[in-house]
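Visitor: Sharing a structure here in structure tokens format.
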Amino acid sequence: MKRLAITIAMIMSVLIFSNKQSFGQEYMPFAQSNYAGVSGIVLQPASIVDSRYIFDMALFGGDFSASNNYLALKRGAMYKPSVWDEPNFGKEYIYRHFNGKDKSGAINLSMMLPSFMVNISDNTAIALSSRMRGVVNFDNVNEDFAFFLSESFDYKPLYHQTLTNSNLNIQAHLWSEFGLTFANVIPLNTEEHFLKGGITLKYLQGLASGYAFVKNLSFRLDGSDTLSLFQSDINYGLSGNFDDGADPFNFVSDPGFGMDIGFVYEYRPNIAKYKYNMDGREGLLRPDMDKYLLRIGISLLDLGKINYQKGFYSQDFTADVRNWDLANVEINSVEALNDTLRNRFNFSDLKKESFSTRMPTALSLQIDYNVVERFYVNFSPFIALRKGTSVITKAHYFTTFSLTPRYDHKWFGASLPIQADEFGRLRAGLAFRVGPIWVGSNSFITNSLASKTYNTDAYFMVKIPVFRHIPRDSDNDAVSNKVDLCPDIPGIWAMKGCPDSDSDGITDDMDECPSQPGPVELNGCPDRDGDGVADKDDRCPDHPGIISLGGCLDTDNDGVFDHEDECLDQAGTAAMKGCPDRDNDGIADKDDKCPDVAGKPEHGGCPFADYDKDGVADEMDKCPATPGPVEYEGCPDTDGDGVHDGIDLCPKTPGTVANNGCPEMEKEEEEVIARAFSDLEFETGKSVIKAVSYPSLNELANLLKTKEGWNVMLSGHTDITGTPANNMELSKTRAQAVRDYLIGQGVASIKIKTEWFGQEKPVADNKTAEGRQKNRRVEMKIFFD
């Protein structure tokens, strides 16, 4: 019977973790530190951006905490595991707290698997994390039932009494999570106020989960081995591998998804003191220093759930049994407990159920105040959510309030965490960060000094940090060593860290006049008149001159002294006595009739006779009176089609070389003309066009309207029926009828020409009806401008 009592109380907490690595909720106070790095995402996903790290990797870490408000371990046994197996251990070292209230407890364990973060820019950071976590909760255990359990059901004053316990529940959950964190600075309009946000998206896989919930437990003990249960509805579920060994990658659940989200605000009233200049950039912020006086963060953690299939040995049932003899009941494992319940309450073998375990959602507030440089005080309320009974398949934390004085340095940190939980318990601990090693406990001081403790915890972590820094600058001239050409002498950025006393852009060691600013081309010496001759060498330092004249005047700067220059206002050559000769033909422009074309003296500076002045000699010019380019033998190309007017059959309409400068008609266009001709019919002996001809003529009209430069020639013809005079008149009127119709369809009259020939140009034999039919026609031919 004693084994049963102990198992009911502890089996959901101890056995699930007896052979599994797991861990819990946070690494306090490391997660609050400015050097939290990737560890900070467990409390605040926004913490990684604008952090003190370029890169930070957690190799592994662990966090364990256990807390309750009923049983306390006396100090004498806290650090003496050797006494835990003594027969009188319970009486000597366990203290029970009686206050008439329900009892609760929790075990949280966690393991940080390889995880890392990287600041990919000043404003953006990402992290990849992997963790194993476990939470066990005991809630709403009333004082009588708790006492019975702690006494292994051996307490005679409560025998033969019907006792009740409302909303009794226990939950245990072990899972792995893999997170992707993105954090970014949120731009504001002022540097004194700083805001950043972050989100962690989690892929969740369950390793084990179980729960038991009794809305109204009613029971009676008639002895330590005789138990009666009265109509107690029990919700009971275990995942399939609850009592097996677990591997962090041996998943038994459906994939789940979770999320953390958080924001951090910083008040930076002294932001100017954290600015520096380097390598030509001004007003840079120190990435290696914290810049806030006050930092406030808020985060919502562990949103999500994981779905499990119940093991066939667990299901909801009603416990209604009288005088159950427990004397021979042996329960020392989850499997034994399941077998006992299954056999006693007739579980169904075929029943298949699933359940969803909610994540231990919490709301965290982080308030950090910078007392003096490197010393901080942090206040972090951690509000546990999902603690009610409306959802029975969930894990939860306890609410805590943490006050933590902290010293933060690059390679060393120390903290004194002081916590109060929702049970009103206070505890204090110590935490140290030395290089890559972090270790601490939030209850170490309390457990070492207090007479008894209701909770204990410890945490550690091993990391690989790569800190952010500003570039080294040995001579403090705001030019980093990696680009400083004079790393031991203060200089300026424009000179890559070398000095320039007169600020003329030439380093002192290269400046021939280091105390007087001057141009580079004069080796740093001044040139007052800007003539390219240094003042120290200029015979006319106040008047612009030229180098070859010792800095004296040459009005048109042509290298010819003014008194020898025949063209004072035009730069020329010495050979031309200071006058220009643009075409270099040895004749000064002022005497050259063709100043831009090299010529001969006998032609007045022109190379040959050229009437139209197009650069093509008259004897070679195919169009001597009309200017044209040399490549077209002096002829223009009016329509720009590459066929000059001298050989272009359509000089005003762009065409192709292959078609002698005329457009080439598409097949469809030729078909339009052919249809208009073939479909054209008149009333017998009249000039009236039949309606059947209209569609084809309309097509022809549309073609003419869209084609610029296209024209049509309409030629009227008849057979020999009738007199030649009448036939001539009929061919004329029919050609004009077609012309009028096209004009009526919007074709410009200028694009249409007509001619008529009567019976003079037959195309077939007039002796046959078929031949005469072919001779009665109006021919249509496209021509171009």
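In the structure tokens, chains take the letters A, B, ... in the order shown, each chain's residues start at 1, and ligands count up from 1 in the order shown.
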Using backbone DSSP assignments, extract all strand (DSSP E or B) residues from stretch 620-745 of chain A; output them as a ChimeraX atom specification.

Guide: /A:682,689,710-717

Visitor: Let's have the selection written as a PDB file, in the first residue's frame, with C-alpha atoms.

Guide:
```pdb
ATOM      1  CA  PHE A 682     -20.823  46.900-112.152  1.00  0.00           C
ATOM      2  CA  ILE A 689     -20.775  49.355-108.527  1.00  0.00           C
ATOM      3  CA  TRP A 710       0.844  54.586-100.645  1.00  0.00           C
ATOM      4  CA  ASN A 711      -1.298  55.616-103.641  1.00  0.00           C
ATOM      5  CA  VAL A 712      -3.480  53.731-106.094  1.00  0.00           C
ATOM      6  CA  MET A 713      -3.819  54.049-109.881  1.00  0.00           C
ATOM      7  CA  LEU A 714      -7.285  53.056-111.192  1.00  0.00           C
ATOM      8  CA  SER A 715      -7.289  52.133-114.939  1.00  0.00           C
ATOM      9  CA  GLY A 716     -10.696  51.698-116.670  1.00  0.00           C
ATOM     10  CA  HIS A 717     -11.119  49.261-119.621  1.00  0.00           C
TER      11      HIS A 717
END
```

Visitor: Write out as JSON, numbers by chain the residues lying within 7 Å of stretch 129-143 of chain A, counting only C-alpha atoms and excluding same-chain residues fewer than 2 positions away.

Guide: {"A": [13, 22, 23, 24, 100, 101, 102, 103, 104, 105, 106, 107, 108, 109, 110, 111, 112, 113, 114, 115, 116, 127, 145, 146, 147, 165, 167, 168, 169, 170, 171, 172, 173, 174, 175, 176, 177, 178, 179, 180, 248, 395, 396]}

Visitor: Stretch 444-454 of chain A: which residues within 12 Å, counting only C-alpha atoms, same-chain residues fewer than 5 positions away excluded, as JSON, numbers by chain?

Guide: {"A": [65, 66, 67, 68, 69, 70, 71, 72, 73, 74, 75, 76, 77, 78, 79, 92, 93, 94, 95, 96, 97, 103, 104, 105, 106, 107, 416, 417, 418, 419, 420, 421, 423, 424, 425, 426, 427, 428, 429, 430, 431, 439, 459]}

Visitor: Measuring between only C-alpha atoms, which one of A:Asp648, A:Asp581, A:Asp531, A:Glu191 shows the shortest distance to A:Asp554?

Guide: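 The closest residue to A:Asp554 is A:Asp531.
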
Visitor: Have a look at atom CA of A:Leu704 and atom CA of A:Val747 and let me know their distance in Å, one decimal.

Guide: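 Atom CA of A:Leu704 sits 6.6 Å away from atom CA of A:Val747.
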